[in-house]
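File shown: final23.cif (mmCIF, C-alpha atoms and all ligand atoms).
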data_start
loop_
_atom_site.label_atom_id
_atom_site.label_comp_id
_atom_site.auth_asym_id
_atom_site.auth_seq_id
_atom_site.Cartn_x
_atom_site.Cartn_y
_atom_site.Cartn_z
CA MET I 198 -9.22 -12.76 -14.88
CA GLN I 199 -11.33 -11.36 -12.13
CA TYR I 200 -10.20 -10.79 -8.55
CA ALA I 201 -11.75 -9.55 -5.32
CA ALA I 202 -9.68 -7.58 -2.82
CA PHE I 203 -10.73 -7.07 0.80
CA LEU I 204 -9.72 -3.47 1.39
CA GLY I 205 -7.78 -2.01 4.32
CA HIS I 206 -9.15 0.66 6.67
CA GLN I 207 -8.77 3.39 4.03
CA PRO I 208 -10.66 1.88 1.07
CA LEU I 209 -9.96 4.68 -1.41
CA ILE I 210 -6.22 4.46 -0.77
CA SER I 211 -6.37 0.67 -1.13
CA ILE I 212 -8.10 0.98 -4.50
CA ALA I 213 -5.59 3.63 -5.59
CA GLU I 214 -2.78 1.26 -4.63
CA LEU I 215 -4.28 -1.56 -6.71
CA SER I 216 -4.71 0.78 -9.65
CA ALA I 217 -1.12 2.00 -9.28
CA SER I 218 0.33 -1.51 -9.00
CA ILE I 219 -1.56 -3.31 -11.78
CA GLU I 220 -0.97 -1.80 -15.21
CA ASP I 221 -4.18 -3.12 -16.78
CA PHE I 222 -6.31 -2.67 -13.63
CA SER I 223 -9.99 -2.29 -14.43
CA LEU I 224 -12.37 -1.70 -11.54
CA VAL I 225 -15.63 -3.62 -11.87
CA LYS I 226 -17.42 -2.93 -8.59
CA VAL I 227 -16.85 -1.89 -4.99
CA LEU I 228 -19.04 -3.56 -2.37
CA ASP I 229 -19.86 -1.35 0.62
CA ASN I 230 -16.37 0.18 0.59
CA ARG I 231 -15.08 -3.19 1.84
CA VAL I 232 -14.37 -5.31 -1.23
CA ALA I 233 -13.18 -4.25 -4.70
CA ILE I 234 -13.81 -6.52 -7.67
CA PHE I 235 -11.49 -5.90 -10.62
CA ASP I 236 -10.22 -7.36 -13.87
CA THR I 237 -6.61 -7.86 -14.91
CA ALA I 238 -4.78 -10.21 -17.26
CA GLN I 239 -2.01 -10.62 -14.67
CA ASP I 240 -1.73 -13.66 -12.48
CA LEU I 241 -1.76 -12.28 -8.93
CA ASP I 242 -0.50 -14.31 -5.98
CA GLN I 243 0.87 -14.11 -2.44
CA GLU I 244 4.16 -12.68 -3.66
CA PHE I 245 2.26 -9.82 -5.27
CA LEU I 246 0.11 -9.26 -2.20
CA ASP I 247 3.27 -9.06 -0.05
CA THR I 248 4.17 -5.86 -1.93
CA LEU I 249 0.84 -4.16 -1.14
CA GLY I 250 0.08 -2.32 2.08
CA GLY I 251 -3.63 -1.75 1.65
CA ILE I 252 -5.14 -5.14 0.83
CA VAL I 253 -6.03 -7.63 3.54
CA VAL I 254 -7.07 -10.65 1.45
CA LEU I 255 -6.99 -11.28 -2.29
CA ALA I 256 -9.16 -13.87 -4.07
CA LYS I 257 -9.26 -15.07 -7.67
CA GLN I 258 -12.58 -15.90 -9.29
CA VAL I 259 -13.00 -19.64 -9.84
CA THR I 260 -16.20 -19.73 -11.83
CA GLU I 261 -18.30 -17.34 -13.88
CA GLU I 262 -21.33 -19.63 -13.72
CA ASP I 263 -24.46 -18.30 -12.08
CA LEU I 264 -24.38 -20.56 -9.02
CA SER I 265 -26.35 -20.53 -5.79
CA LEU I 266 -25.35 -21.21 -2.18
CA ASP I 267 -26.54 -24.81 -2.71
CA ASP I 268 -23.68 -25.30 -5.20
CA ILE I 269 -20.84 -24.11 -2.98
CA HIS I 270 -19.93 -27.57 -1.64
CA LYS I 271 -19.41 -28.74 -5.24
CA VAL I 272 -17.14 -25.77 -5.97
CA LEU I 273 -15.17 -26.59 -2.82
CA THR I 274 -14.73 -30.24 -3.82
CA ASN I 275 -13.57 -29.11 -7.22
CA GLU I 276 -11.02 -26.64 -5.78
CA ILE I 277 -9.64 -29.13 -3.29
CA GLY I 278 -9.06 -31.59 -6.11
CA SER I 279 -7.67 -35.02 -5.50
CA LYS I 280 -5.58 -34.09 -2.46
CA ARG I 281 -4.96 -36.99 -0.09
CA GLY I 282 -5.22 -36.96 3.68
CA LYS I 283 -7.12 -34.57 5.90
CA VAL I 284 -8.23 -31.39 4.19
CA THR I 285 -8.89 -27.99 5.74
CA PHE I 286 -11.25 -25.44 4.29
CA SER I 287 -12.45 -22.00 5.13
CA LEU I 288 -15.12 -19.58 3.90
CA ARG I 289 -14.84 -15.80 3.63
CA THR I 290 -18.03 -14.01 2.71
CA HIS I 291 -19.53 -10.60 2.20
CA ASN I 292 -23.26 -9.88 2.06
CA ILE I 293 -24.22 -13.45 2.98
CA PRO I 294 -26.53 -13.87 6.01
CA ARG I 295 -24.93 -15.44 9.06
CA ASP I 296 -27.27 -18.42 9.25
CA ALA I 297 -26.61 -19.16 5.58
CA ILE I 298 -22.85 -19.17 6.29
CA ALA I 299 -23.36 -21.62 9.16
CA THR I 300 -25.34 -23.88 6.82
CA LEU I 301 -22.60 -23.60 4.19
CA TYR I 302 -19.91 -24.71 6.62
CA ARG I 303 -22.02 -27.70 7.73
CA ARG I 304 -22.91 -28.64 4.19
CA CYS I 305 -19.36 -28.45 2.91
CA LYS I 306 -18.15 -30.60 5.79
CA LYS I 307 -20.90 -33.15 5.27
CA SER I 308 -20.25 -33.31 1.54
CA LEU I 309 -16.50 -33.90 1.99
CA LYS I 310 -17.14 -36.53 4.66
CA GLY I 311 -19.68 -38.16 2.36
CA GLN I 312 -16.86 -38.58 -0.17
CA GLY I 313 -14.82 -40.31 2.53
CA ARG I 314 -12.47 -37.35 3.00
CA PRO I 315 -11.55 -36.41 6.55
CA CYS I 316 -11.80 -32.64 6.93
CA ARG I 317 -11.93 -29.69 9.29
CA TYR I 318 -12.62 -26.02 8.81
CA VAL I 319 -11.23 -22.77 10.16
CA GLY I 320 -13.27 -19.61 10.66
CA SER I 321 -16.95 -19.60 11.50
CA GLU I 322 -20.20 -17.90 10.55
CA LYS I 323 -19.33 -15.19 13.10
CA LYS I 324 -15.85 -14.40 11.81
CA PRO I 325 -13.71 -15.57 8.91
CA ALA I 326 -10.33 -17.09 9.75
CA PRO I 327 -7.71 -14.38 10.37
CA PRO I 328 -4.89 -14.37 7.77
CA ILE I 329 -2.47 -15.90 10.27
CA VAL I 330 -4.68 -19.00 10.52
CA LEU I 331 -4.79 -19.23 6.72
CA PHE I 332 -0.99 -19.33 6.69
CA ASP I 333 -0.76 -21.82 9.57
CA SER I 334 -3.28 -24.11 7.88
CA GLU I 335 -1.46 -23.73 4.54
CA LEU I 336 -4.67 -22.74 2.78
CA ILE I 337 -3.14 -20.12 0.53
CA GLU I 338 -0.71 -22.34 -1.36
CA GLY I 339 -3.52 -24.88 -1.38
CA LYS I 340 -1.33 -27.60 0.08
CA ASP I 341 -3.83 -28.88 2.63
CA GLY I 342 -7.04 -27.29 1.39
CA CYS I 343 -8.34 -23.86 0.42
CA GLU I 344 -10.46 -20.89 1.36
CA LEU I 345 -13.44 -19.97 -0.78
CA VAL I 346 -14.58 -16.37 -1.03
CA ILE I 347 -18.29 -15.86 -1.60
CA LEU I 348 -19.67 -12.39 -2.22
CA GLY I 349 -23.33 -11.54 -2.45
CA ILE I 350 -23.79 -8.95 -5.21
CA GLN I 351 -26.97 -6.94 -5.47
CA GLU I 352 -27.67 -5.59 -8.94
CA ASP I 353 -30.85 -3.61 -9.55
CA ASP I 354 -33.60 -6.10 -8.71
CA SER I 355 -31.50 -9.23 -8.90
CA SER I 356 -28.71 -10.74 -6.87
CA ARG I 357 -25.89 -13.08 -7.77
CA LEU I 358 -22.86 -14.71 -6.20
CA TRP I 359 -19.20 -14.03 -6.92
CA ILE I 360 -17.14 -17.09 -6.06
CA GLY I 361 -13.38 -17.12 -5.77
CA ARG I 362 -10.49 -18.70 -3.98
CA THR I 363 -8.09 -16.88 -1.65
CA VAL I 364 -4.67 -16.49 -3.29
CA GLY I 365 -3.04 -14.07 -0.86
CA ALA I 366 -3.40 -12.62 2.64
CA GLN I 367 -1.60 -9.95 4.65
CA ASP I 368 1.23 -11.47 6.63
CA ILE I 369 0.68 -9.62 9.91
CA ASN I 370 3.49 -11.38 11.79
CA TRP I 371 6.05 -10.34 9.22
CA TYR I 372 4.82 -6.72 9.39
CA SER I 373 5.03 -6.62 13.19
CA PHE I 374 8.45 -8.24 13.14
CA ARG I 375 10.01 -5.62 10.89
CA ASP I 376 8.11 -2.81 12.61
CA MET I 377 8.76 -3.75 16.23
CA GLU I 378 12.07 -5.64 16.11
CA LYS I 379 14.09 -3.17 14.07
CA PRO I 380 16.89 -1.72 16.21
CA VAL I 381 15.89 1.98 15.98
CA ARG I 382 12.35 3.27 16.58
CA ASP I 383 11.90 6.99 17.09
CA THR I 384 8.48 7.88 18.45
CA THR I 385 9.35 11.60 18.47
CA ILE I 386 9.19 11.90 14.67
CA GLY I 387 5.99 9.93 14.19
CA LEU I 388 5.92 6.28 13.27
CA LEU I 389 5.19 5.54 9.67
CA PRO I 390 3.47 2.15 9.44
CA PRO I 391 5.29 -0.23 7.04
CA LYS I 392 2.00 -0.79 5.19
CA LEU I 393 1.73 2.93 4.42
CA ALA I 394 5.39 2.94 3.35
CA GLN I 395 4.56 0.15 0.87
CA ILE I 396 1.61 2.14 -0.46
CA LEU I 397 3.81 5.22 -1.00
CA LEU I 398 6.39 3.07 -2.81
CA ASN I 399 3.73 1.61 -5.07
CA PHE I 400 2.65 5.13 -5.97
CA GLY I 401 6.33 5.86 -6.64
CA GLU I 402 6.57 2.88 -8.96
CA PHE I 403 3.44 4.09 -10.73
CA LEU I 404 4.89 7.58 -11.29
CA THR I 405 8.17 6.07 -12.53
CA ARG I 406 6.29 3.96 -15.04
CA GLU I 407 4.30 6.98 -16.20
CA THR I 408 7.43 9.15 -16.51
CA ARG I 409 9.30 6.44 -18.42
CA ASN I 410 6.39 5.86 -20.76
CA GLN I 411 6.28 9.55 -21.56
CA LYS I 412 10.05 9.63 -22.11
CA LEU I 413 9.87 6.55 -24.32
CA GLU I 414 7.17 8.20 -26.39
CA THR I 415 9.30 11.26 -26.96
CA SER I 416 12.79 9.81 -27.26
CA LYS I 417 12.01 6.27 -28.45
CA GLN I 418 14.55 4.87 -26.00
CA LYS I 419 14.23 1.23 -25.12
CA GLY I 420 15.09 -0.90 -22.12
CA GLU I 421 14.21 -0.77 -18.43
CA LEU I 422 16.34 0.93 -15.83
CA ALA I 423 16.69 -0.49 -12.36
CA LEU I 424 14.55 1.39 -9.87
CA THR I 425 16.32 3.77 -7.49
CA ILE I 426 14.30 5.38 -4.68
CA TYR I 427 15.34 8.51 -2.81
CA ASP I 428 13.92 9.57 0.56
CA PRO I 429 15.35 12.99 1.49
CA PHE I 430 13.52 13.04 4.89
CA CYS I 431 14.45 9.46 5.73
CA GLY I 432 14.08 9.47 9.55
CA THR I 433 14.47 5.88 10.76
CA GLY I 434 14.09 4.63 7.18
CA VAL I 435 10.75 2.82 7.16
CA ILE I 436 10.15 3.66 3.48
CA LEU I 437 13.64 2.50 2.59
CA MET I 438 13.33 -0.75 4.52
CA GLU I 439 10.30 -1.57 2.39
CA ALA I 440 12.21 -0.52 -0.75
CA LEU I 441 15.05 -2.83 0.26
CA LEU I 442 12.61 -5.74 0.45
CA ARG I 443 11.57 -4.92 -3.13
CA GLU I 444 15.29 -4.95 -4.03
CA TRP I 445 15.17 -1.35 -5.21
CA ASP I 446 18.38 0.67 -4.89
CA ILE I 447 18.29 3.21 -2.12
CA LEU I 448 19.35 6.81 -1.61
CA ALA I 449 18.54 8.38 1.77
CA SER I 450 19.29 11.58 3.61
CA ASP I 451 18.07 13.58 6.59
CA ILE I 452 19.01 16.84 8.25
CA ALA I 453 19.52 15.06 11.59
CA LYS I 454 22.65 13.02 12.26
CA LYS I 455 20.58 10.83 14.59
CA ALA I 456 18.27 9.90 11.71
CA VAL I 457 21.20 9.05 9.42
CA THR I 458 22.60 6.70 12.08
CA GLY I 459 19.17 5.22 12.83
CA CYS I 460 18.32 4.63 9.19
CA THR I 461 21.72 3.02 8.59
CA LYS I 462 21.26 0.68 11.56
CA ASN I 463 17.76 -0.33 10.48
CA LEU I 464 18.79 -1.04 6.89
CA ASP I 465 21.85 -3.02 8.02
CA TRP I 466 19.63 -5.05 10.35
CA LEU I 467 17.14 -5.85 7.60
CA ARG I 468 19.93 -6.76 5.18
CA LYS I 469 21.20 -9.27 7.72
CA GLU I 470 17.74 -10.68 8.47
CA GLU I 471 16.88 -11.09 4.81
CA LYS I 472 20.38 -11.70 3.46
CA ILE I 473 20.26 -8.81 1.01
CA LEU I 474 23.81 -7.96 -0.02
CA LYS I 475 25.06 -4.47 -0.91
CA LYS I 476 26.40 -5.78 -4.20
CA ASP I 477 22.86 -6.80 -5.17
CA VAL I 478 20.94 -3.84 -3.78
CA SER I 479 22.88 -0.65 -3.12
CA SER I 480 22.19 1.94 -0.44
CA GLU I 481 23.73 5.29 0.29
CA ILE I 482 22.78 7.40 3.32
CA TRP I 483 24.06 10.87 4.14
CA LYS I 484 23.30 14.02 6.13
CA GLN I 485 21.63 16.74 4.13
CA ASP I 486 19.12 19.54 4.44
CA ALA I 487 16.45 18.76 1.82
CA THR I 488 16.02 22.46 1.12
CA LYS I 489 19.67 22.74 0.00
CA PRO I 490 20.89 21.66 -3.48
CA PHE I 491 21.02 17.92 -4.10
CA ASP I 492 24.33 16.85 -5.55
CA LEU I 493 23.80 13.33 -6.87
CA LYS I 494 25.99 11.57 -9.41
CA ASP I 495 22.95 9.82 -10.90
CA PRO I 496 19.42 11.05 -10.24
CA PRO I 497 16.96 8.61 -8.63
CA ASP I 498 13.97 7.34 -10.60
CA VAL I 499 11.61 8.71 -8.01
CA ILE I 500 11.54 10.53 -4.68
CA VAL I 501 9.29 8.83 -2.12
CA THR I 502 9.16 10.62 1.20
CA GLU I 503 7.02 11.39 4.19
CA THR I 504 8.61 14.87 4.51
CA THR I 505 8.28 16.28 7.98
CA LEU I 506 5.06 16.20 9.99
CA GLY I 507 6.28 18.62 12.65
CA PRO I 508 6.34 17.80 16.39
CA PRO I 509 4.40 14.74 17.64
CA ILE I 510 0.91 15.76 18.77
CA THR I 511 -1.14 13.81 21.29
CA ASN I 512 -3.99 16.31 21.70
CA ARG I 513 -5.98 18.61 19.52
CA LEU I 514 -3.95 21.84 19.38
CA PRO I 515 -5.38 25.35 19.66
CA MET I 516 -6.03 26.81 16.21
CA LYS I 517 -3.32 29.45 16.72
CA GLU I 518 -0.66 26.77 17.13
CA VAL I 519 -1.90 24.81 14.13
CA ALA I 520 -1.74 28.01 12.08
CA LYS I 521 1.89 28.44 13.14
CA LEU I 522 2.79 24.84 12.32
CA LYS I 523 1.03 25.14 8.99
CA THR I 524 2.98 28.29 8.03
CA GLN I 525 6.28 26.64 8.98
CA ASN I 526 5.43 23.49 7.08
CA GLU I 527 4.26 25.32 3.94
CA LYS I 528 7.61 27.11 3.90
CA LEU I 529 9.58 23.90 4.21
CA GLN I 530 7.55 22.13 1.50
CA GLU I 531 8.01 25.12 -0.78
CA GLN I 532 11.77 25.22 -0.27
CA PHE I 533 12.08 21.46 -0.74
CA LEU I 534 10.05 21.43 -3.96
CA GLU I 535 11.93 24.43 -5.38
CA ASN I 536 15.17 22.64 -4.59
CA ALA I 537 13.99 19.36 -6.14
CA ALA I 538 12.77 21.15 -9.28
CA ALA I 539 16.13 22.90 -9.64
CA THR I 540 18.57 20.14 -8.70
CA LEU I 541 16.63 16.94 -9.48
CA PRO I 542 14.59 18.01 -12.50
CA GLY I 543 12.58 15.32 -14.25
CA VAL I 544 12.25 13.23 -11.07
CA PRO I 545 8.67 12.46 -9.97
CA ILE I 546 7.81 12.85 -6.30
CA VAL I 547 5.47 11.03 -3.92
CA CYS I 548 5.21 12.92 -0.66
CA ALA I 549 3.07 12.98 2.45
CA TRP I 550 2.19 16.27 4.10
CA PRO I 551 0.73 16.80 7.57
CA VAL I 552 -2.99 17.51 8.04
CA TRP I 553 -4.11 18.70 11.49
CA LYS I 554 -7.34 17.68 13.19
CA GLN I 555 -9.42 20.59 14.47
CA LYS I 556 -12.88 20.84 15.94
CA GLY I 557 -14.52 21.91 12.69
CA GLY I 558 -12.58 19.47 10.50
CA TRP I 559 -9.09 18.93 9.16
CA ILE I 560 -6.61 21.69 8.33
CA HIS I 561 -4.66 21.04 5.12
CA LEU I 562 -1.71 22.81 3.56
CA ASP I 563 -2.81 25.33 0.92
CA LYS I 564 -0.10 27.60 -0.41
CA VAL I 565 2.10 24.71 -1.51
CA TRP I 566 -0.34 23.97 -4.38
CA LYS I 567 0.52 27.35 -5.90
CA VAL I 568 4.21 26.46 -5.67
CA ILE I 569 3.54 23.13 -7.40
CA ASP I 570 1.73 24.95 -10.15
CA LYS I 571 4.49 27.56 -10.50
CA LEU I 572 7.18 24.87 -10.74
CA GLY I 573 5.22 22.93 -13.37
CA TYR I 574 4.80 19.71 -11.38
CA ARG I 575 1.63 17.85 -12.38
CA PRO I 576 -0.41 16.40 -9.49
CA SER I 577 -1.61 12.92 -10.47
CA LEU I 578 -3.64 9.99 -9.22
CA PRO I 579 -3.69 6.42 -10.53
CA PRO I 580 -6.48 5.71 -13.06
CA GLU I 581 -10.03 5.11 -11.79
CA VAL I 582 -9.41 6.97 -8.51
CA GLY I 583 -11.81 9.81 -7.76
CA LEU I 584 -11.11 12.87 -5.61
CA GLU I 585 -11.98 12.34 -1.96
CA ILE I 586 -11.88 16.05 -1.20
CA PRO I 587 -13.22 18.21 -4.03
CA GLY I 588 -10.46 20.25 -5.64
CA ARG I 589 -7.60 18.31 -4.01
CA MET I 590 -5.68 15.97 -6.29
CA SER I 591 -4.45 13.84 -3.40
CA LEU I 592 -5.35 11.03 -1.02
CA PHE I 593 -6.05 11.52 2.66
CA TYR I 594 -4.70 9.03 5.19
CA ARG I 595 -5.87 9.38 8.78
CA ARG I 596 -6.54 7.21 11.79
CA LYS I 597 -9.33 7.78 14.29
CA ASP I 598 -6.98 8.04 17.27
CA GLN I 599 -4.49 10.47 15.69
CA PHE I 600 -4.44 14.26 15.60
CA VAL I 601 -2.17 14.54 12.58
CA GLY I 602 -3.16 12.85 9.32
CA ARG I 603 -1.20 12.65 6.08
CA GLU I 604 -2.09 14.02 2.69
CA ILE I 605 -0.49 11.88 -0.01
CA VAL I 606 0.46 13.80 -3.11
CA MET I 607 1.86 12.37 -6.36
CA LEU I 608 3.73 14.80 -8.56
CA MET I 609 4.74 14.11 -12.13
CA PRO I 610 7.71 16.26 -13.14
CA PRO I 611 7.28 19.21 -15.49
CA ARG I 612 7.13 18.13 -19.14
CA ALA I 613 10.53 18.33 -20.83
CA ARG I 614 10.80 21.08 -23.45
CA HIS I 615 11.98 20.11 -26.95
C1 LIG T 1 8.27 12.43 9.84
S1 LIG T 1 9.96 12.15 9.87
C2 LIG T 1 10.18 10.93 8.69
C3 LIG T 1 9.99 9.60 9.32
C4 LIG T 1 10.40 8.50 8.42
N1 LIG T 1 9.44 8.24 7.39
C5 LIG T 1 10.69 7.24 9.21
O1 LIG T 1 10.51 6.17 8.66
O2 LIG T 1 11.16 7.31 10.34
C6 LIG T 1 10.64 13.57 9.18
C7 LIG T 1 12.14 13.62 9.12
O3 LIG T 1 12.47 14.79 8.41
C8 LIG T 1 13.68 15.29 8.92
N2 LIG T 1 13.79 16.70 8.50
C9 LIG T 1 13.15 17.78 9.00
N3 LIG T 1 13.52 18.88 8.31
C10 LIG T 1 14.37 18.47 7.35
C11 LIG T 1 15.07 19.11 6.30
N4 LIG T 1 14.99 20.44 6.11
N5 LIG T 1 15.86 18.37 5.49
C12 LIG T 1 15.97 17.04 5.67
N6 LIG T 1 15.35 16.37 6.65
C13 LIG T 1 14.55 17.08 7.47
C14 LIG T 1 13.60 15.05 10.41
O4 LIG T 1 14.90 15.00 10.99
C15 LIG T 1 12.87 13.70 10.46
O5 LIG T 1 13.79 12.66 10.56
#

Starting from the coordinates I provided, produce the structure as structure tokens.
Amino acid sequence: MQYAAFLGHQPLISIAELSASIEDFSLVKVLDNRVAIFDTAQDLDQEFLDTLGGIVVLAKQVTEEDLSLDDIHKVLTNEIGSKRGKVTFSLRTHNIPRDAIATLYRRCKKSLKGQGRPCRYVGSEKKPAPPIVLFDSELIEGKDGCELVILGIQEDDSSRLWIGRTVGAQDINWYSFRDMEKPVRDTTIGLLPPKLAQILLNFGEFLTRETRNQKLETSKQKGELALTIYDPFCGTGVILMEALLREWDILASDIAKKAVTGCTKNLDWLRKEEKILKKDVSSEIWKQDATKPFDLKDPPDVIVTETTLGPPITNRLPMKEVAKLKTQNEKLQEQFLENAAATLPGVPIVCAWPVWKQKGGWIHLDKVWKVIDKLGYRPSLPPEVGLEIPGRMSLFYRRKDQFVGREIVMLMPPRARH
């Protein structure tokens, strides 16, 4: 089956997330860094999209025929089927001229009316309907209509259309609810967006799968374990809230008592909101310095953590200060990784490190790579993901308005000796 995903504001990270989340992901084409077309045998739907942080809209191909814009109204009629009552439709396009989109809307409406079917559309040639309108109009489940996705694909000297139907969209209201309504928000430690937390967790799931596959190959064990996530720099617990929604068991710790209390409150709140009982999904939160030995009865499947980004920064800092922060941070990362290698061996790690904006570019951590190498961790990326920065096996998340970005690093544990 072929799908098209409208990518978030960091296209490479969005593609990496798709690759990490879909075992048989096969990238076909990326259009202008905005839309990724890919193959998979899996049936992807809204429930799947709800677990992704980096995809705005997901569409499934409805026909492989070589159709033209003149055929779109027929495809729409076909997709709407024999539904009774007033139907709603919408069009989402890429690389289709604006006047052609306007004509398409008119033509589709006229064609449906011609069949005696009352209809209306959402979105326009200027802007497609925002996801919230798709939900309100019930276009995703297809109850009252559907949204068609039409992509203009240029190939050498020829062009063709990719035609699909929207099967999932980002539920912005639900994101803002859990982000803004949670009882504890701490702006002094930097606010991790829930979407980025989901992306990190998907990378964590990917590393777990890879680690298990390697173990299975060597020990021929069978059977799946339940997923347990550990965030040793948990702060207010944004990563763990997202893990809770996936029904993954949770381990969390932080050096600050305030964070332990905050994380506990946030998780309890979300449990109540979503009726997730402790007997179904466990969570344990305690105070601990992540550079001091971990003493866990059972190791987690994966560590997923933002680590510490240092103090909040609202301006570009003088280079001298950045150099100081960098030295401090390198030290902390080194001590944490040495501790993890010693007391949680065999556990893969997804972590985010700070990257500071400077006049001449971004300042990344350096020395920590030597530590990774010394400890035998293997930096990884999901398949089909190229390096954004030559020589750095990582992904780089930044926002225009922020002075500290995040470098996302995925570490497979050292290979077990036999
Ligand atoms: C950037 S925040 C993490 C934010 C978190 N992702 C959230 O959702 O709020 C970093 C956290 O690391 C904690 N921290 C700093 N040094 C630590 C250490 N040595 N061991 C454990 N936690 C530490 C801080 O107290 C802070 O809560």

>> Measuring between only C-alpha atoms and all ligand atoms, which one of I:Val552, I:Leu388, I:Ile219, I:Cys316 shows the shortest distance to ligand LIG 1 (chain T)?
In response: I:Leu388

>> as a ChimeraX atom specification, please: the residues near region 298-314 of chain I (cut-off 8 Å, all atoms listed in the file, same-chain neighbours under 2 positions excluded).
In response: /I:266,269-270,273-274,282-284,288,290,293-296,316-318,321-322

>> Can you pull out every residue with an atom within 6 Å of ligand LIG 1 (chain T)? Use only C-alpha atoms and all ligand atoms and format it as number ranges by chain.
In response: I: 386-387, 389, 429-436, 451-453, 456, 485-488, 503-506

> What's the 10 Å shell around Ile473 (chain I), counting only C-alpha atoms, without same-chain residues fewer than 5 positions away, as a PyMOL selection string?
Replying inline: chain I and resi 441-442+444+464-465+467-468+478-479

Convert the current residue selection to file output with C-alpha atoms, as a compact mmCIF listing (two decimals), keeping the file's coordinate frame.
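Output contents, as saved in out.txt:
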# COMPACT_ATOMS: atom_id res chain seq x y z
CA LEU I 441 15.05 -2.83 0.26
CA LEU I 442 12.61 -5.74 0.45
CA GLU I 444 15.29 -4.95 -4.03
CA LEU I 464 18.79 -1.04 6.89
CA ASP I 465 21.85 -3.02 8.02
CA LEU I 467 17.14 -5.85 7.60
CA ARG I 468 19.93 -6.76 5.18
CA VAL I 478 20.94 -3.84 -3.78
CA SER I 479 22.88 -0.65 -3.12

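Between Phe593 (chain I) and the candidates I:Val259, I:Ala366, I:Leu534, I:Ile605, the tightest atom-to-atom separation, counting only C-alpha atoms, involves I:Ile605.
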
> Excluding same-chain residues fewer than 5 positions from Leu584 (chain I), what lies within 12 Å of it counting all atoms listed in the file, as JSON, numbers by chain?
Replying inline: {"I": [209, 210, 213, 576, 577, 578, 579, 589, 590, 591, 592, 593, 606]}

>> Which residues are close to Asp341 (chain I), i.e. within 12 Å by all atoms listed in the file, leaving aside same-chain residues fewer than 3 positions away? Reply as a VMD selection string.
In response: chain I and resid 276 to 287 315 to 318 331 to 338 344

> Using all atoms listed in the file, which of I:Arg603, I:Lys554, I:Lys226, I:Lys462 sits nearest Met516 (chain I)?
Replying inline: I:Lys554
